[in-house]
Amino acid sequence: MKLGIVLFNKGPLASAENMASMAIRSEALGFDHVVVTEHLVVPRRQGEQDQYRSAKPSQQALGAQQRRGWEALRNYHEPLTTLMFLAGRTQHIRLGTSVMIAPYRNPLVSAKMLATMDVLARGRIFCGVGSGWWRDEFEALGLSDHFTTRGSRTDEYLRIYRALWEQDPVSYRGRFHQFENLEFSPKPLQQPLPIWVGGNSERALRRAAELGDCWHPLALKRPGQLEPERLPEMRRLLDRIAMEAGRDPARVTIAPRCNARIGPGESSLADTTAKLTEVAHRFACNGADSLTLDLPGGTWQEAMDHLDAIAQRVLPRLR
């Protein structure tokens, strides 16, 4: 099973030096890929709209959460620009998004940027996409009318990406975009340029089976979220949907994303890597092709210590 890392392209640790250093170190240690995340703007009400909060906190607790949230969301580097910067600092490691919000960008512009990046990075780019969830961000971008149609738009945009990357000349007639007899070049060096579909919903899984190359769900980022033992059930559903869509199910892989620090509270680095090795092995045995890890980000040293320890103790067990 392949192993990748989420870089810090936001928050206190997000700097050109740190991102380049982590990508270069990850490549040297033998990780398969690094990814970056996305928000383009951060509305001030973000603390009130955390989609993962299960209980409403007190006002005092909410204020503390908002302050921590603002620190974590400052210096949010745009993902495609960041990946191109990292492509110039690395040689072999794969570079992707986890995830880019597809409805935020014109699909022809996105397809052009991704194809160009893949050519210049010598075939190392993959595109993780999501449909978005934050209404305020859509509104701030002047895309209020996109919010209720974001799922349909994401599906159509993926079809447009494919058409532009694979056809010559290119024509497309859809609900939101229509064009005829276009020249689109350069094409991506990879055919196909891999599309990872993020999200845990049935809609996201269906999108991956019908239009993507990989299903990229969140796993174990909160209690009960996509345990490894659920993957065979999800694999069967992916296969069924792919076959109904006339696609080869073997073309669609599974690549969960989870925290490197497994379990509540603080623990030693040895305990953390032991737990992570066990969890990664469970994912591999249940059909995951790849795992992407969020490193602890309290300090730069903590993050790099975890990176080195995972490379020394987890990677060899998986390979």
# chains A, B, ... in the order shown; residues from 1 in each chain; ligands from 1
>>> residues_around(residues="Gly298 in chain A", least_positions_apart="5", cutoff="12 Å", atoms="only C-alpha atoms", output="list in words")
Phe8, Gly11, Pro12, Leu13, Arg68, Glu71, Ala72, Glu266, Ala303, Met304, Asp305 and His306 of chain A
>>> residues_around(residues="Leu211 in chain A", least_positions_apart="6", cutoff="9 Å", atoms="only C-alpha atoms", output="number ranges by chain")
A: 155, 158-159, 162, 195, 197, 242
>>> closest_residue(among="A:Pro188, A:Gly246, A:Gly199, A:Gly297", to="Val119 in chain A", atoms="only C-alpha atoms")
A:Pro188
>>> closest_residue(among="A:Val170, A:Met1, A:Leu220, A:Met234", to="Ser201 in chain A", atoms="only C-alpha atoms")
A:Met234
>>> atom_distance(atom1="CA of Arg236 in chain A", atom2="CA of Val6 in chain A")
27.9 Å
>>> closest_residue(among="A:Asn286, A:Ser171, A:Ser268, A:Thr116", to="Leu193 in chain A", atoms="only C-alpha atoms")
A:Thr116
>>> select_by_dssp(residues="range 21-160 of chain A", states="strand (DSSP E or B)", output="number ranges by chain")
A: 33-36, 94-97, 100-101, 125-130
>>> select_by_dssp(residues="range 67-305 of chain A", states="alpha helix (DSSP H)", output="number ranges by chain")
A: 67-73, 79-87, 107-120, 135-140, 144-147, 150-166, 202-211, 231-244, 269-285, 300-305
>>> closest_atom_pairs(of="range 112-219 of chain A", to="range 94-105 of chain A", cutoff="6 Å", atoms="only C-alpha atoms", output="tab-separated table")
residue	atom	partner	partner_atom	distance
A:Arg124	CA	A:Arg94	CA	4.7
A:Ile125	CA	A:Leu95	CA	5.0
A:Phe126	CA	A:Gly96	CA	4.7
A:Cys127	CA	A:Gly96	CA	5.4
A:Gly128	CA	A:Val99	CA	4.7
A:Val129	CA	A:Met100	CA	4.8
A:Gly130	CA	A:Ile101	CA	4.9
A:Ser131	CA	A:Ile101	CA	5.5
A:Gly132	CA	A:Ile101	CA	5.5
A:Thr154	CA	A:Ala102	CA	5.8
>>> atom_distance(atom1="CA of Leu231 in chain A", atom2="CA of Leu295 in chain A")
22.9 Å
>>> closest_residue(among="A:Ala140, A:Ala111, A:Leu80, A:Leu29", to="Arg44 in chain A", atoms="only C-alpha atoms")
A:Ala140
>>> atom_distance(atom1="CA of His281 in chain A", atom2="CA of Ile241 in chain A")
26.7 Å
>>> closest_residue(among="A:Cys258, A:Ala245, A:Leu3, A:Ile160", to="Pro217 in chain A", atoms="only C-alpha atoms")
A:Cys258
>>> residues_around(residues="Leu83 in chain A", least_positions_apart="4", cutoff="12 Å", atoms="only C-alpha atoms", output="number ranges by chain")
A: 7, 9, 16, 19-20, 23, 33-38, 77-79, 87-90, 93-98, 100, 113-114, 116-118, 120-121, 124-127
>>> closest_residue(among="A:Gln190, A:Asn106, A:Thr292, A:Thr277", to="Leu143 in chain A", atoms="only C-alpha atoms")
A:Asn106
>>> decode(residues="range 152-200 of chain A", atoms="N, CA and C atoms", output="mmCIF file, in the first residue's frame")
data_model
loop_
_atom_site.group_PDB
_atom_site.id
_atom_site.type_symbol
_atom_site.label_atom_id
_atom_site.label_comp_id
_atom_site.auth_asym_id
_atom_site.auth_seq_id
_atom_site.Cartn_x
_atom_site.Cartn_y
_atom_site.Cartn_z
ATOM 1 N N SER A 152 -24.129 18.646 -9.038
ATOM 2 C CA SER A 152 -24.307 18.483 -10.479
ATOM 3 C C SER A 152 -23.185 19.165 -11.251
ATOM 4 N N ARG A 153 -22.773 20.332 -10.772
ATOM 5 C CA ARG A 153 -21.671 21.024 -11.435
ATOM 6 C C ARG A 153 -20.376 20.218 -11.333
ATOM 7 N N THR A 154 -20.104 19.659 -10.181
ATOM 8 C CA THR A 154 -18.884 18.875 -10.026
ATOM 9 C C THR A 154 -18.881 17.700 -11.000
ATOM 10 N N ASP A 155 -19.999 17.006 -11.113
ATOM 11 C CA ASP A 155 -20.076 15.898 -12.067
ATOM 12 C C ASP A 155 -19.796 16.391 -13.486
ATOM 13 N N GLU A 156 -20.443 17.494 -13.867
ATOM 14 C CA GLU A 156 -20.241 18.001 -15.223
ATOM 15 C C GLU A 156 -18.806 18.473 -15.440
ATOM 16 N N TYR A 157 -18.229 19.123 -14.436
ATOM 17 C CA TYR A 157 -16.871 19.623 -14.592
ATOM 18 C C TYR A 157 -15.879 18.472 -14.784
ATOM 19 N N LEU A 158 -16.098 17.356 -14.094
ATOM 20 C CA LEU A 158 -15.205 16.207 -14.286
ATOM 21 C C LEU A 158 -15.335 15.659 -15.700
ATOM 22 N N ARG A 159 -16.549 15.646 -16.224
ATOM 23 C CA ARG A 159 -16.736 15.203 -17.613
ATOM 24 C C ARG A 159 -16.028 16.150 -18.587
ATOM 25 N N ILE A 160 -16.072 17.449 -18.281
ATOM 26 C CA ILE A 160 -15.383 18.423 -19.133
ATOM 27 C C ILE A 160 -13.873 18.226 -19.061
ATOM 28 N N TYR A 161 -13.333 18.022 -17.848
ATOM 29 C CA TYR A 161 -11.901 17.747 -17.726
ATOM 30 C C TYR A 161 -11.516 16.589 -18.640
ATOM 31 N N ARG A 162 -12.252 15.495 -18.513
ATOM 32 C CA ARG A 162 -11.938 14.302 -19.311
ATOM 33 C C ARG A 162 -11.983 14.612 -20.809
ATOM 34 N N ALA A 163 -13.037 15.306 -21.227
ATOM 35 C CA ALA A 163 -13.172 15.611 -22.654
ATOM 36 C C ALA A 163 -11.990 16.445 -23.147
ATOM 37 N N LEU A 164 -11.634 17.471 -22.399
ATOM 38 C CA LEU A 164 -10.533 18.342 -22.811
ATOM 39 C C LEU A 164 -9.199 17.617 -22.817
ATOM 40 N N TRP A 165 -8.991 16.750 -21.847
ATOM 41 C CA TRP A 165 -7.717 16.031 -21.739
ATOM 42 C C TRP A 165 -7.572 14.906 -22.758
ATOM 43 N N GLU A 166 -8.682 14.339 -23.195
ATOM 44 C CA GLU A 166 -8.601 13.092 -23.964
ATOM 45 C C GLU A 166 -9.077 13.211 -25.405
ATOM 46 N N GLN A 167 -9.848 14.247 -25.762
ATOM 47 C CA GLN A 167 -10.385 14.362 -27.116
ATOM 48 C C GLN A 167 -9.636 15.425 -27.917
ATOM 49 N N ASP A 168 -9.685 15.288 -29.242
ATOM 50 C CA ASP A 168 -9.032 16.260 -30.112
ATOM 51 C C ASP A 168 -9.654 16.185 -31.512
ATOM 52 N N PRO A 169 -10.406 17.212 -31.944
ATOM 53 C CA PRO A 169 -10.829 18.412 -31.215
ATOM 54 C C PRO A 169 -11.871 18.068 -30.159
ATOM 55 N N VAL A 170 -12.280 19.080 -29.387
ATOM 56 C CA VAL A 170 -13.144 18.836 -28.236
ATOM 57 C C VAL A 170 -14.471 19.578 -28.400
ATOM 58 N N SER A 171 -15.576 18.857 -28.169
ATOM 59 C CA SER A 171 -16.906 19.459 -28.107
ATOM 60 C C SER A 171 -17.617 18.916 -26.886
ATOM 61 N N TYR A 172 -18.476 19.746 -26.294
ATOM 62 C CA TYR A 172 -19.227 19.308 -25.111
ATOM 63 C C TYR A 172 -20.514 20.109 -25.013
ATOM 64 N N ARG A 173 -21.595 19.417 -24.700
ATOM 65 C CA ARG A 173 -22.886 20.073 -24.471
ATOM 66 C C ARG A 173 -23.455 19.525 -23.169
ATOM 67 N N GLY A 174 -23.507 20.385 -22.154
ATOM 68 C CA GLY A 174 -24.020 19.986 -20.857
ATOM 69 C C GLY A 174 -25.012 20.998 -20.330
ATOM 70 N N ARG A 175 -25.373 20.826 -19.073
ATOM 71 C CA ARG A 175 -26.353 21.718 -18.446
ATOM 72 C C ARG A 175 -25.779 23.104 -18.203
ATOM 73 N N PHE A 176 -24.494 23.176 -17.851
ATOM 74 C CA PHE A 176 -23.895 24.446 -17.448
ATOM 75 C C PHE A 176 -22.918 25.005 -18.478
ATOM 76 N N HIS A 177 -22.342 24.149 -19.302
ATOM 77 C CA HIS A 177 -21.337 24.585 -20.278
ATOM 78 C C HIS A 177 -21.566 23.881 -21.604
ATOM 79 N N GLN A 178 -21.344 24.624 -22.673
ATOM 80 C CA GLN A 178 -21.409 24.076 -24.022
ATOM 81 C C GLN A 178 -20.285 24.704 -24.848
ATOM 82 N N PHE A 179 -19.609 23.886 -25.638
ATOM 83 C CA PHE A 179 -18.608 24.417 -26.556
ATOM 84 C C PHE A 179 -18.421 23.417 -27.699
ATOM 85 N N GLU A 180 -17.944 23.929 -28.827
ATOM 86 C CA GLU A 180 -17.820 23.127 -30.032
ATOM 87 C C GLU A 180 -16.435 23.266 -30.644
ATOM 88 N N ASN A 181 -15.878 22.144 -31.056
ATOM 89 C CA ASN A 181 -14.718 22.102 -31.952
ATOM 90 C C ASN A 181 -13.549 22.950 -31.448
ATOM 91 N N LEU A 182 -13.165 22.700 -30.193
ATOM 92 C CA LEU A 182 -12.067 23.456 -29.597
ATOM 93 C C LEU A 182 -10.745 22.715 -29.738
ATOM 94 N N GLU A 183 -9.702 23.472 -29.879
ATOM 95 C CA GLU A 183 -8.345 22.960 -29.726
ATOM 96 C C GLU A 183 -7.958 23.125 -28.259
ATOM 97 N N PHE A 184 -7.483 22.068 -27.650
ATOM 98 C CA PHE A 184 -7.035 22.133 -26.251
ATOM 99 C C PHE A 184 -5.707 21.407 -26.163
ATOM 100 N N SER A 185 -4.653 22.163 -25.876
ATOM 101 C CA SER A 185 -3.335 21.568 -25.712
ATOM 102 C C SER A 185 -2.495 22.524 -24.863
ATOM 103 N N PRO A 186 -1.500 21.994 -24.153
ATOM 104 C CA PRO A 186 -1.058 20.600 -24.202
ATOM 105 C C PRO A 186 -2.006 19.669 -23.445
ATOM 106 N N LYS A 187 -2.033 18.415 -23.860
ATOM 107 C CA LYS A 187 -2.741 17.403 -23.103
ATOM 108 C C LYS A 187 -1.866 16.997 -21.911
ATOM 109 N N PRO A 188 -2.477 16.462 -20.843
ATOM 110 C CA PRO A 188 -1.664 15.962 -19.731
ATOM 111 C C PRO A 188 -0.693 14.882 -20.206
ATOM 112 N N LEU A 189 0.448 14.831 -19.571
ATOM 113 C CA LEU A 189 1.405 13.776 -19.896
ATOM 114 C C LEU A 189 0.836 12.411 -19.523
ATOM 115 N N GLN A 190 0.124 12.350 -18.392
ATOM 116 C CA GLN A 190 -0.528 11.108 -17.976
ATOM 117 C C GLN A 190 -1.860 10.965 -18.709
ATOM 118 N N GLN A 191 -2.125 9.769 -19.186
ATOM 119 C CA GLN A 191 -3.430 9.475 -19.779
ATOM 120 C C GLN A 191 -3.972 8.210 -19.134
ATOM 121 N N PRO A 192 -4.904 8.361 -18.189
ATOM 122 C CA PRO A 192 -5.505 9.629 -17.784
ATOM 123 C C PRO A 192 -4.746 10.306 -16.654
ATOM 124 N N LEU A 193 -4.909 11.619 -16.552
ATOM 125 C CA LEU A 193 -4.473 12.327 -15.352
ATOM 126 C C LEU A 193 -5.428 11.900 -14.244
ATOM 127 N N PRO A 194 -4.917 11.329 -13.144
ATOM 128 C CA PRO A 194 -5.810 10.725 -12.135
ATOM 129 C C PRO A 194 -6.688 11.758 -11.420
ATOM 130 N N ILE A 195 -7.969 11.423 -11.291
ATOM 131 C CA ILE A 195 -8.917 12.218 -10.525
ATOM 132 C C ILE A 195 -9.305 11.434 -9.275
ATOM 133 N N TRP A 196 -9.010 12.005 -8.105
ATOM 134 C CA TRP A 196 -9.420 11.425 -6.831
ATOM 135 C C TRP A 196 -10.676 12.176 -6.380
ATOM 136 N N VAL A 197 -11.720 11.451 -6.067
ATOM 137 C CA VAL A 197 -12.970 12.065 -5.644
ATOM 138 C C VAL A 197 -13.072 12.004 -4.128
ATOM 139 N N GLY A 198 -13.049 13.176 -3.485
ATOM 140 C CA GLY A 198 -13.142 13.243 -2.037
ATOM 141 C C GLY A 198 -14.576 13.182 -1.555
ATOM 142 N N GLY A 199 -14.740 12.786 -0.282
ATOM 143 C CA GLY A 199 -16.065 12.778 0.321
ATOM 144 C C GLY A 199 -16.499 11.403 0.772
ATOM 145 N N ASN A 200 -17.319 11.391 1.817
ATOM 146 C CA ASN A 200 -17.790 10.130 2.395
ATOM 147 C C ASN A 200 -19.237 9.814 2.056
#
